[in-house]
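Novice: Sharing run.tsv below, TSV, C-alpha atoms:
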chain	number	residue	atom	x	y	z
A	1	MET	CA	72.65	107.98	96.55
A	2	LYS	CA	73.85	108.48	93.02
A	3	LEU	CA	77.60	108.35	93.77
A	4	LEU	CA	77.32	104.89	95.29
A	5	GLU	CA	74.86	103.57	92.70
A	6	ASP	CA	77.15	104.71	89.89
A	7	ARG	CA	80.16	103.10	91.50
A	8	ILE	CA	78.28	99.83	91.99
A	9	LEU	CA	77.31	99.87	88.30
A	10	GLN	CA	80.90	100.59	87.28
A	11	GLU	CA	82.83	98.27	89.58
A	12	GLY	CA	80.42	95.88	91.25
A	13	VAL	CA	80.37	92.28	90.03
A	14	VAL	CA	77.09	90.35	90.18
A	15	LEU	CA	77.29	86.55	90.29
A	16	ASN	CA	74.25	84.40	89.37
A	17	ASN	CA	71.86	87.34	89.66
A	18	SER	CA	72.17	87.12	93.44
A	19	ILE	CA	75.63	87.88	94.84
A	20	LEU	CA	77.03	91.40	94.57
A	21	LYS	CA	80.79	91.79	94.99
A	22	VAL	CA	81.93	95.29	95.83
A	23	ASP	CA	85.29	94.25	97.24
A	24	SER	CA	87.29	96.75	95.23
A	25	PHE	CA	85.86	99.88	96.87
A	26	LEU	CA	83.35	99.11	99.62
A	27	ASN	CA	84.09	96.25	101.99
A	28	TYR	CA	87.57	94.82	101.47
A	29	GLN	CA	89.51	97.53	99.78
A	30	ILE	CA	87.70	100.72	100.84
A	31	ASP	CA	87.69	104.00	98.91
A	32	MET	CA	87.65	106.78	101.52
A	33	LYS	CA	85.72	109.15	99.24
A	34	VAL	CA	82.90	106.60	98.92
A	35	LEU	CA	83.07	105.88	102.64
A	36	LYS	CA	82.81	109.57	103.54
A	37	ALA	CA	79.95	110.15	101.11
A	38	VAL	CA	78.05	107.20	102.54
A	39	ALA	CA	78.62	108.48	106.08
A	40	HIS	CA	77.52	112.00	105.17
A	41	PHE	CA	74.31	110.68	103.58
A	42	ILE	CA	73.48	108.51	106.58
A	43	ALA	CA	74.20	111.25	109.13
A	44	GLN	CA	71.61	113.51	107.48
A	45	HIS	CA	68.87	111.02	108.33
A	46	PHE	CA	69.41	110.63	112.08
A	47	GLN	CA	69.53	113.08	114.95
A	48	ASN	CA	70.63	113.07	118.58
A	49	VAL	CA	72.58	109.85	118.27
A	50	ASP	CA	74.55	108.90	121.40
A	51	LYS	CA	76.42	105.91	119.98
A	52	VAL	CA	76.98	103.99	116.78
A	53	ILE	CA	77.12	100.21	116.96
A	54	THR	CA	78.09	97.69	114.29
A	55	ILE	CA	79.40	94.16	113.96
A	56	GLU	CA	82.94	93.11	113.15
A	57	ALA	CA	84.57	93.23	110.71
A	58	SER	CA	83.41	95.05	107.59
A	59	GLY	CA	80.90	97.24	109.40
A	60	ILE	CA	83.60	98.93	111.46
A	61	ALA	CA	84.83	101.28	108.73
A	62	PHE	CA	81.30	102.57	108.16
A	63	ALA	CA	80.63	102.93	111.89
A	64	VAL	CA	83.76	105.07	112.28
A	65	ALA	CA	82.93	107.32	109.35
A	66	VAL	CA	79.30	107.79	110.44
A	67	ALA	CA	80.34	108.45	114.05
A	68	MET	CA	82.67	111.21	112.83
A	69	GLU	CA	79.86	112.76	110.77
A	70	LEU	CA	77.61	112.69	113.83
A	71	GLY	CA	80.04	114.79	115.85
A	72	ASP	CA	82.44	112.14	117.13
A	73	VAL	CA	80.05	109.95	119.06
A	74	PRO	CA	81.63	106.71	120.30
A	75	ILE	CA	81.32	103.43	118.42
A	76	VAL	CA	81.05	99.90	119.73
A	77	PHE	CA	81.35	96.80	117.62
A	78	ALA	CA	79.71	93.49	118.41
A	79	LYS	CA	82.14	90.59	118.40
A	80	LYS	CA	81.71	87.22	116.80
A	81	SER	CA	83.57	85.34	119.50
A	82	LYS	CA	84.26	85.66	123.20
A	83	THR	CA	88.01	86.05	123.29
A	84	THR	CA	89.63	83.91	125.96
A	85	VAL	CA	91.79	86.37	127.84
A	86	THR	CA	90.41	89.86	127.73
A	87	ALA	CA	86.68	89.15	127.43
A	88	SER	CA	84.07	90.47	129.76
A	89	ASP	CA	81.91	87.95	131.59
A	90	HIS	CA	78.82	90.08	131.16
A	91	ASN	CA	77.55	90.32	127.58
A	92	TYR	CA	74.42	90.84	125.62
A	93	SER	CA	74.28	88.17	122.92
A	94	TYR	CA	72.28	86.89	119.96
A	95	THR	CA	72.64	83.98	117.52
A	96	VAL	CA	72.92	85.19	113.94
A	97	HIS	CA	72.52	83.00	110.88
A	98	SER	CA	74.65	84.05	107.90
A	99	PHE	CA	72.91	83.23	104.63
A	100	THR	CA	76.08	84.19	102.74
A	101	HIS	CA	78.29	81.72	104.58
A	102	ASN	CA	75.59	79.32	105.86
A	103	THR	CA	76.82	79.43	109.45
A	104	ASP	CA	75.38	80.28	112.87
A	105	ASN	CA	77.40	82.67	114.99
A	106	ASN	CA	76.79	84.17	118.37
A	107	ILE	CA	77.50	87.87	118.57
A	108	TYR	CA	78.31	89.69	121.77
A	109	ILE	CA	78.43	93.19	123.17
A	110	ALA	CA	79.82	93.74	126.67
A	111	GLN	CA	77.12	95.09	128.97
A	112	ASP	CA	79.43	97.94	129.96
A	113	PHE	CA	79.18	99.42	126.47
A	114	LEU	CA	75.43	99.49	125.87
A	115	LYS	CA	73.46	101.40	128.48
A	116	PRO	CA	69.79	102.05	129.28
A	117	GLY	CA	68.46	105.13	127.50
A	118	GLU	CA	71.31	105.43	124.99
A	119	ARG	CA	70.10	106.47	121.55
A	120	VAL	CA	71.83	104.00	119.24
A	121	LEU	CA	72.32	103.98	115.48
A	122	ILE	CA	73.14	100.58	113.96
A	123	VAL	CA	75.50	100.87	110.97
A	124	ASP	CA	76.75	98.19	108.58
A	125	ASP	CA	78.10	97.79	105.07
A	126	PHE	CA	75.31	95.51	103.80
A	127	LEU	CA	71.70	94.77	104.65
A	128	ALA	CA	70.29	91.56	103.18
A	129	ALA	CA	68.11	89.24	105.29
A	130	GLY	CA	68.77	91.50	108.24
A	131	GLU	CA	69.92	88.82	110.67
A	132	SER	CA	72.79	90.76	112.17
A	133	SER	CA	70.81	94.02	112.28
A	134	VAL	CA	67.93	92.27	114.05
A	135	GLY	CA	70.49	90.82	116.44
A	136	LEU	CA	71.87	94.27	117.21
A	137	ILE	CA	68.35	95.67	117.69
A	138	LYS	CA	67.53	92.85	120.11
A	139	MET	CA	70.72	93.52	122.05
A	140	CYS	CA	69.76	97.20	122.29
A	141	LEU	CA	66.40	96.14	123.66
A	142	GLN	CA	68.08	93.77	126.16
A	143	ALA	CA	70.09	96.78	127.34
A	144	LYS	CA	67.01	99.07	127.37
A	145	ALA	CA	68.85	101.26	124.87
A	146	ILE	CA	66.90	102.92	122.04
A	147	PRO	CA	67.59	101.60	118.52
A	148	LEU	CA	67.02	104.67	116.33
A	149	GLY	CA	67.65	103.01	113.03
A	150	VAL	CA	69.65	100.69	110.82
A	151	ALA	CA	71.79	102.50	108.27
A	152	VAL	CA	73.79	100.72	105.61
A	153	ALA	CA	75.77	101.49	102.50
A	154	CYS	CA	74.09	98.88	100.34
A	155	GLU	CA	70.80	97.03	100.71
A	156	LYS	CA	69.44	94.00	98.90
A	157	GLU	CA	65.80	94.73	99.65
A	158	MET	CA	64.49	91.52	98.04
A	159	GLN	CA	66.09	89.51	100.85
A	160	GLY	CA	63.63	90.91	103.35
A	161	GLY	CA	65.82	92.58	105.95
A	162	ARG	CA	64.13	95.99	105.66
A	163	LYS	CA	60.71	94.48	106.26
A	164	ARG	CA	61.88	92.56	109.34
A	165	ILE	CA	63.51	95.66	110.83
A	166	GLU	CA	60.55	97.95	110.13
A	167	GLU	CA	58.25	95.39	111.74
A	168	LEU	CA	60.28	95.91	114.90
A	169	GLY	CA	59.46	99.63	114.66
A	170	VAL	CA	62.97	100.62	113.60
A	171	LYS	CA	63.78	102.92	110.66
A	172	VAL	CA	65.99	101.73	107.78
A	173	CYS	CA	68.26	103.93	105.69
A	174	ALA	CA	70.26	102.56	102.74
A	175	CYS	CA	72.51	104.58	100.44
A	176	ALA	CA	72.04	102.15	97.57
A	177	ARG	CA	68.78	100.23	97.70
A	178	ILE	CA	68.79	97.27	95.32
A	179	THR	CA	65.41	95.70	94.56
A	180	GLY	CA	66.69	92.91	92.32
A	181	PHE	CA	69.13	91.89	89.62
A	182	THR	CA	68.53	91.40	85.93
A	183	ASN	CA	71.18	90.11	83.52
A	184	ASN	CA	73.64	90.38	86.42
A	185	ARG	CA	72.99	94.10	86.83
A	186	PRO	CA	71.42	95.64	89.93
A	187	ILE	CA	68.10	97.47	89.82
A	188	PHE	CA	67.90	100.41	92.21
A	189	SER	CA	64.81	101.57	94.06
A	190	LYS	CA	63.43	105.01	93.26
A	191	GLU	CA	62.99	105.63	97.01
A	192	GLU	CA	65.44	108.03	98.63
A	193	CYS	CA	66.83	105.74	101.31
B	1	MET	CA	101.62	110.83	122.79
B	2	LYS	CA	100.48	112.33	126.02
B	3	LEU	CA	96.74	112.22	125.32
B	4	LEU	CA	96.79	108.45	124.80
B	5	GLU	CA	99.19	107.77	127.67
B	6	ASP	CA	97.00	109.77	130.05
B	7	ARG	CA	93.90	107.93	128.92
B	8	ILE	CA	95.59	104.55	129.37
B	9	LEU	CA	96.58	105.56	132.91
B	10	GLN	CA	93.03	106.74	133.65
B	11	GLU	CA	90.96	103.98	132.06
B	12	GLY	CA	93.24	101.08	131.14
B	13	VAL	CA	93.09	97.97	133.28
B	14	VAL	CA	96.24	95.87	133.70
B	15	LEU	CA	95.84	92.21	134.64
B	16	ASN	CA	98.75	90.24	136.14
B	17	ASN	CA	101.32	92.85	135.08
B	18	SER	CA	100.95	91.61	131.49
B	19	ILE	CA	97.55	92.16	129.90
B	20	LEU	CA	96.33	95.68	129.19
B	21	LYS	CA	92.60	96.14	128.65
B	22	VAL	CA	91.65	99.35	126.89
B	23	ASP	CA	88.22	98.16	125.79
B	24	SER	CA	86.39	101.22	127.03
B	25	PHE	CA	87.97	103.71	124.60
B	26	LEU	CA	90.42	102.06	122.19
B	27	ASN	CA	89.50	98.72	120.69
B	28	TYR	CA	85.96	97.67	121.55
B	29	GLN	CA	84.19	100.87	122.42
B	30	ILE	CA	86.17	103.53	120.54
B	31	ASP	CA	86.38	107.20	121.50
B	32	MET	CA	86.55	109.15	118.23
B	33	LYS	CA	88.62	111.93	119.78
B	34	VAL	CA	91.29	109.43	120.81
B	35	LEU	CA	91.07	107.72	117.42
B	36	LYS	CA	91.52	111.00	115.55
B	37	ALA	CA	94.42	112.08	117.76
B	38	VAL	CA	96.15	108.73	117.20
B	39	ALA	CA	95.63	109.02	113.44
B	40	HIS	CA	96.93	112.59	113.36
B	41	PHE	CA	100.06	111.59	115.27
B	42	ILE	CA	100.75	108.62	113.00
B	43	ALA	CA	100.17	110.59	109.79
B	44	GLN	CA	102.89	113.07	110.78
B	45	HIS	CA	105.49	110.29	110.68
B	46	PHE	CA	104.90	108.92	107.17
B	47	GLN	CA	104.88	110.49	103.72
B	48	ASN	CA	103.76	109.55	100.23
B	49	VAL	CA	101.63	106.65	101.40
B	50	ASP	CA	99.59	104.99	98.63
B	51	LYS	CA	97.59	102.61	100.79
B	52	VAL	CA	96.93	101.67	104.41
B	53	ILE	CA	96.57	98.00	105.27
B	54	THR	CA	95.47	96.37	108.51
B	55	ILE	CA	93.98	93.15	109.79
B	56	GLU	CA	90.38	92.56	110.81
B	57	ALA	CA	88.78	93.46	113.12
B	58	SER	CA	90.06	95.99	115.64
B	59	GLY	CA	92.69	97.44	113.29
B	60	ILE	CA	90.07	98.67	110.85
B	61	ALA	CA	88.99	101.74	112.82
B	62	PHE	CA	92.61	102.94	113.03
B	63	ALA	CA	93.25	102.22	109.37
B	64	VAL	CA	90.25	104.33	108.37
B	65	ALA	CA	91.23	107.26	110.58
B	66	VAL	CA	94.87	107.20	109.43
B	67	ALA	CA	93.85	106.91	105.77
B	68	MET	CA	91.69	110.02	106.17
B	69	GLU	CA	94.59	111.92	107.75
B	70	LEU	CA	96.81	110.87	104.84
B	71	GLY	CA	94.49	112.48	102.31
B	72	ASP	CA	91.94	109.73	101.80
B	73	VAL	CA	94.18	106.95	100.56
B	74	PRO	CA	92.41	103.58	100.23
B	75	ILE	CA	92.55	100.96	102.94
B	76	VAL	CA	92.61	97.16	102.64
B	77	PHE	CA	92.14	94.79	105.52
B	78	ALA	CA	93.60	91.30	105.67
B	79	LYS	CA	91.00	88.66	106.46
B	80	LYS	CA	91.26	85.84	108.94
B	81	SER	CA	89.24	83.41	106.82
B	82	LYS	CA	88.56	82.75	103.18
B	83	THR	CA	84.83	83.29	102.94
B	84	THR	CA	83.08	80.59	100.95
B	85	VAL	CA	81.05	82.55	98.46
B	86	THR	CA	82.60	85.87	97.62
B	87	ALA	CA	86.29	85.07	98.14
B	88	SER	CA	88.96	85.56	95.54
B	89	ASP	CA	90.96	82.51	94.51
B	90	HIS	CA	94.18	84.50	94.37
B	91	ASN	CA	95.50	85.62	97.73
B	92	TYR	CA	98.67	86.47	99.53
B	93	SER	CA	98.67	84.65	102.86
B	94	TYR	CA	100.63	84.13	106.07
B	95	THR	CA	100.11	82.03	109.21
B	96	VAL	CA	99.91	84.20	112.31
B	97	HIS	CA	100.21	82.92	115.86
B	98	SER	CA	98.17	84.88	118.41
B	99	PHE	CA	99.88	84.89	121.81
B	100	THR	CA	96.79	86.52	123.32
B	101	HIS	CA	94.41	83.78	122.22
B	102	ASN	CA	96.95	80.95	121.67
B	103	THR	CA	95.71	80.14	118.18
B	104	ASP	CA	97.18	79.93	114.68
B	105	ASN	CA	95.30	81.74	111.96
B	106	ASN	CA	95.98	82.21	108.30
B	107	ILE	CA	95.48	85.75	107.10
B	108	TYR	CA	94.75	86.66	103.51
B	109	ILE	CA	94.81	89.65	101.20
B	110	ALA	CA	93.44	89.30	97.68
B	111	GLN	CA	96.18	89.80	95.11
B	112	ASP	CA	94.01	92.40	93.37
B	113	PHE	CA	94.39	94.75	96.33
B	114	LEU	CA	98.14	94.78	96.91
B	115	LYS	CA	100.21	95.77	93.89
B	116	PRO	CA	103.89	95.97	92.97
B	117	GLY	CA	105.41	99.33	93.85
B	118	GLU	CA	102.60	100.47	96.15
B	119	ARG	CA	103.89	102.37	99.20
B	120	VAL	CA	102.05	100.72	102.07
B	121	LEU	CA	101.59	101.76	105.70
B	122	ILE	CA	100.58	98.96	108.08
B	123	VAL	CA	98.27	100.18	110.86
B	124	ASP	CA	96.90	98.35	113.87
B	125	ASP	CA	95.54	99.01	117.34
B	126	PHE	CA	98.21	97.02	119.21
B	127	LEU	CA	101.77	95.86	118.64
B	128	ALA	CA	102.99	93.11	120.94
B	129	ALA	CA	105.02	90.18	119.58
B	130	GLY	CA	104.48	91.57	116.10
B	131	GLU	CA	103.15	88.40	114.52
B	132	SER	CA	100.39	90.01	112.49
B	133	SER	CA	102.56	92.99	111.51
B	134	VAL	CA	105.31	90.67	110.31
B	135	GLY	CA	102.66	88.76	108.38
B	136	LEU	CA	101.47	91.93	106.69
B	137	ILE	CA	105.06	92.94	105.87
B	138	LYS	CA	105.69	89.53	104.32
B	139	MET	CA	102.53	89.83	102.25
B	140	CYS	CA	103.70	93.24	101.02
B	141	LEU	CA	106.99	91.65	100.01
B	142	GLN	CA	105.15	88.79	98.26
B	143	ALA	CA	103.30	91.45	96.28
B	144	LYS	CA	106.49	93.47	95.63
B	145	ALA	CA	104.82	96.38	97.42
B	146	ILE	CA	106.89	98.64	99.70
B	147	PRO	CA	106.16	98.37	103.46
B	148	LEU	CA	106.91	101.89	104.73
B	149	GLY	CA	106.20	101.24	108.36
B	150	VAL	CA	104.09	99.73	111.09
B	151	ALA	CA	102.08	102.29	113.03
B	152	VAL	CA	100.00	101.43	116.06
B	153	ALA	CA	98.09	103.13	118.83
B	154	CYS	CA	99.65	101.12	121.63
B	155	GLU	CA	102.82	99.05	121.81
B	156	LYS	CA	104.03	96.57	124.40
B	157	GLU	CA	107.68	96.87	123.50
B	158	MET	CA	108.83	94.15	125.92
B	159	GLN	CA	107.07	91.53	123.78
B	160	GLY	CA	109.61	92.06	121.01
B	161	GLY	CA	107.50	93.06	118.03
B	162	ARG	CA	109.37	96.33	117.39
B	163	LYS	CA	112.70	94.50	117.26
B	164	ARG	CA	111.40	91.88	114.81
B	165	ILE	CA	109.95	94.54	112.52
B	166	GLU	CA	113.02	96.78	112.59
B	167	GLU	CA	115.18	93.74	111.76
B	168	LEU	CA	113.15	93.49	108.56
B	169	GLY	CA	114.17	97.08	107.78
B	170	VAL	CA	110.73	98.51	108.50
B	171	LYS	CA	110.09	101.58	110.68
B	172	VAL	CA	107.83	101.35	113.75
B	173	CYS	CA	105.71	104.17	115.16
B	174	ALA	CA	103.66	103.78	118.35
B	175	CYS	CA	101.55	106.49	119.98
B	176	ALA	CA	101.89	104.90	123.42
B	177	ARG	CA	105.05	102.84	123.85
B	178	ILE	CA	104.89	100.66	126.94
B	179	THR	CA	108.17	99.16	128.13
B	180	GLY	CA	106.78	97.18	131.05
B	181	PHE	CA	104.28	97.08	133.90
B	182	THR	CA	104.86	97.59	137.58
B	183	ASN	CA	102.17	97.17	140.23
B	184	ASN	CA	99.72	96.75	137.35
B	185	ARG	CA	100.58	100.17	135.94
B	186	PRO	CA	102.20	100.72	132.55
B	187	ILE	CA	105.64	102.32	132.20
B	188	PHE	CA	105.96	104.46	129.08
B	189	SER	CA	109.11	104.90	127.01
B	190	LYS	CA	110.67	108.36	126.84
B	191	GLU	CA	111.14	107.90	123.07
B	192	GLU	CA	108.83	109.90	120.84
B	193	CYS	CA	107.29	107.02	118.88
Give the structure from the file, written as C-alpha cells.

Specialist:
Amino acid sequence: MKLLEDRILQEGVVLNNSILKVDSFLNYQIDMKVLKAVAHFIAQHFQNVDKVITIEASGIAFAVAVAMELGDVPIVFAKKSKTTVTASDHNYSYTVHSFTHNTDNNIYIAQDFLKPGERVLIVDDFLAAGESSVGLIKMCLQAKAIPLGVAVACEKEMQGGRKRIEELGVKVCACARITGFTNNRPIFSKEEC
Amino acid sequence: MKLLEDRILQEGVVLNNSILKVDSFLNYQIDMKVLKAVAHFIAQHFQNVDKVITIEASGIAFAVAVAMELGDVPIVFAKKSKTTVTASDHNYSYTVHSFTHNTDNNIYIAQDFLKPGERVLIVDDFLAAGESSVGLIKMCLQAKAIPLGVAVACEKEMQGGRKRIEELGVKVCACARITGFTNNRPIFSKEEC
C-alpha cells in the first residue's frame, strides 16, 4: 500500500539494518488517517468475518479500525497476563517468545470470547517471526474457530512469520511488506499484500 | 448515557458489591456499536482537541474511537514498561498504583509525543480511584501540554477519582457514572456526565 510505504520511507527509522521504528505514526503515536487507510486495505481482502482478534497492546488500535471497516464486528484482544481479580478461570493460552524483547509470555483469551465456528480475522501492527500470530491461530484452533487470515500493517518478511502462518494454511495480508533493509532503508515487496 | 447504562444492567456482572465486570462488551471483547456510541457522546463534550492520550491496553480502543469522532486527531498511549530495544531515552513518567491488581507501575510517554501547548484529552475505559488519569494529567503538565479533560466509558464515582481530577482543575466526563452498588446492581448518577 503506497500510502504506508511512503510514510515509512519518510518517517520510519531503521536501526542496524534490522529494527524499524515507526513510533511517530503507527504504533505509539498513531495517525488516524494512516490507521483508517490500513484498515480499509485489509478489509478489502477478507469476507464474512465474525470477529477480529489481536493481542494487547499495540494491535488493539488496528483491530478496532479493521472491525469498523468490516461492518462493526466485535473485537477481542488476547491478554499477556491473567489479572488477579477480574480474570476468567477458563482461557485458551499459548506461550509466545518475543524476539524483540527476548522474553517468553503466555497469552490468554477467555473461552467465552472465542467460539466454535466463528470466522476470525487476526489483526496486528507488525508481523515479524510470527510468534504471536501463530499463538492466536493455535488458540482459534483450540476453540474450533476458523482463522481466516493474519492481517498486519507492516511485515518484515525476512523474519519468516509469513511462511510459518501459510504453512498452517492461513492467509497473510500485509499493507507494507518489507523484504529486507539496505543502508538502513527498507526494501518493499512488489507483491500486493 | 442510556445505551451504556442499559447494557451494563443487562450484561455487567457485579462481584461483592464492588467489582464490575463488563468483559463481554466493553474492555475485553468490545462491541463496536457501544464503542462508537461512547466515543460520540464523549466527543460532544470537548472542543479543539489536538491529541487524545490513553494508557495501554484497554484504553486504546476508546482513544481510537474518540479520536475518529474528533476529526481524526492523533492518539498516543502511555506504556507500562520501557521496552528494551525500541524505547526512547527521553520520557515523561509517573508511578501509578493499581487498586484492582494491587501493583505499582511506572507509566511512560516519550517526550517526542507530548508537546508544549497541545490541547490533550485523556480517554480511558474506566475511572475508579483515578490513579492513571492523574498520572496522565501530571505528564501533560510536565510537558507543558494542556489537559482538557478526562473522558471515560464507565466511572465508579465512589472510588474518588472524579474528585481528585477536578481538584486539579480538569473536567471529567463519564458515559456511565456509577455512584454505588446495591444487591450487586449498579446505581447510576442522575448527572449527565

Novice: Do you know which residues are at most 9 Å from Gln159 in chain A counting all atoms listed in the file, after dropping those on the same chain fewer than 4 positions away, and could you put them as number ranges by chain?

Specialist: A: 127-130, 155, 179

Novice: Could I get the residues of chain B with an atom no further than 6 Å from an atom of chain A, each paired with its nearest atom pair and that distance in Å to one decimal, using all atoms listed in the file, sorted by chain and residue number, as JSON lines?

Specialist:
{"residue": "B:Tyr28", "atom": "CA", "partner": "A:Val76", "partner_atom": "CA", "distance": 5.7}
{"residue": "B:Gln29", "atom": "CA", "partner": "A:Val76", "partner_atom": "CA", "distance": 4.2}
{"residue": "B:Ile30", "atom": "CA", "partner": "A:Ile75", "partner_atom": "CA", "distance": 5.3}
{"residue": "B:Asp31", "atom": "CA", "partner": "A:Pro74", "partner_atom": "CA", "distance": 4.9}
{"residue": "B:Met32", "atom": "CA", "partner": "A:Asp72", "partner_atom": "CA", "distance": 5.2}
{"residue": "B:Glu56", "atom": "CA", "partner": "A:Ala57", "partner_atom": "CA", "distance": 5.8}
{"residue": "B:Ala57", "atom": "CA", "partner": "A:Ala57", "partner_atom": "CA", "distance": 4.9}
{"residue": "B:Ala61", "atom": "CA", "partner": "A:Ala61", "partner_atom": "CA", "distance": 5.9}
{"residue": "B:Asp72", "atom": "CA", "partner": "A:Met32", "partner_atom": "CA", "distance": 5.2}
{"residue": "B:Pro74", "atom": "CA", "partner": "A:Asp31", "partner_atom": "CA", "distance": 4.9}
{"residue": "B:Ile75", "atom": "CA", "partner": "A:Ile30", "partner_atom": "CA", "distance": 5.3}
{"residue": "B:Val76", "atom": "CA", "partner": "A:Gln29", "partner_atom": "CA", "distance": 4.2}

Novice: I need the residue nearest Tyr94 in chain A from this list: A:Ala145, A:Ala176, A:Val134, A:Val14. Use all atoms listed in the file for the distance.

Specialist: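 When distances to Tyr94 in chain A are compared using all atoms listed in the file, the smallest one comes from A:Val134.
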
Novice: Which distance in Å separates CA of Val150 in chain A and CA of Lys82 in chain A, to one decimal?

Specialist: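 CA of Lys82 in chain A lies 24.3 Å from CA of Val150 in chain A.
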
Novice: Return the single residue from A:Asn17, A:Thr54, A:Thr103, A:Ser93 that is closest to Phe126 in chain A, with distances computed using only C-alpha atoms.

Specialist: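 Of all the options, A:Thr54 lies closest to Phe126 in chain A.
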
Novice: Using all atoms listed in the file, which residue out of A:Asn184, A:Asn105, A:Gln44, A:Ser18 lies closest to Leu70 in chain A?

Specialist: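 Distance minimum relative to Leu70 in chain A lands on A:Gln44.
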
Novice: Can you work out the spacing between CA of Asn183 in chain B and CA of Val152 in chain B in Å, to one decimal?

Specialist: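 Value for the CA of Asn183 in chain B-CA of Val152 in chain B distance: 24.6 Å.
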
Novice: So how many Å separate CA of Gly161 in chain A and CA of Arg177 in chain A, to one decimal?

Specialist: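 Those two atoms sit 11.6 Å apart.
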
Novice: List the spatial neighbours of Phe46 in chain B as a list in words - criterion: any atom at most 10 Å away, only C-alpha atoms, same-chain residues fewer than 2 positions off excluded.

Specialist: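 Close residues of Phe46 in chain B: Phe41, Ile42, Ala43, Gln44, Asn48, Val49, Leu70, Leu121, Leu148, Gly149, Ala151, Lys171 and Cys173 of chain B.
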
Novice: With C-alpha atoms kept, could you save the residues just selected as a compact mmCIF listing (two decimals), in the frame of the given file?

Specialist:
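Okay, selection33.txt is ready:
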# COMPACT_ATOMS: atom_id res chain seq x y z
CA PHE B 41 100.06 111.59 115.27
CA ILE B 42 100.75 108.62 113.00
CA ALA B 43 100.17 110.59 109.79
CA GLN B 44 102.89 113.07 110.78
CA ASN B 48 103.76 109.55 100.23
CA VAL B 49 101.63 106.65 101.40
CA LEU B 70 96.81 110.87 104.84
CA LEU B 121 101.59 101.76 105.70
CA LEU B 148 106.91 101.89 104.73
CA GLY B 149 106.20 101.24 108.36
CA ALA B 151 102.08 102.29 113.03
CA LYS B 171 110.09 101.58 110.68
CA CYS B 173 105.71 104.17 115.16

Novice: Using only C-alpha atoms, find the one residue out of A:Lys190, A:Arg7, A:Lys80, A:Arg164 that sits nearest to Asp104 in chain A.

Specialist: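 Going through A:Lys190, A:Arg7, A:Lys80, A:Arg164 one by one, the smallest distance to Asp104 in chain A is for A:Lys80.
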
Novice: With only C-alpha atoms as the basis for distance, which of A:Ile146, A:Ala153, A:Ile165, A:Ile107 is at the shortest distance from Ser133 in chain A?

Specialist: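 Smallest distance to Ser133 in chain A is found for A:Ile165.
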
Novice: Quick one: everything within 8 Å of Pro147 in chain A, counting all atoms listed in the file, minus sequence neighbours fewer than 2 positions away in the same chain. Send it as number ranges by chain.

Specialist: A: 119-122, 137, 140-141, 145, 149, 170

Novice: Around all listed atoms of range 109-127 of chain B, padded 6 Å per side, what centre and edge lengths does the axis-aligned box have in Å to one decimal, as JSON?

Specialist:
{"center_x": 99.4, "center_y": 95.8, "center_z": 106.1, "size_x": 24.0, "size_y": 25.1, "size_z": 38.2}
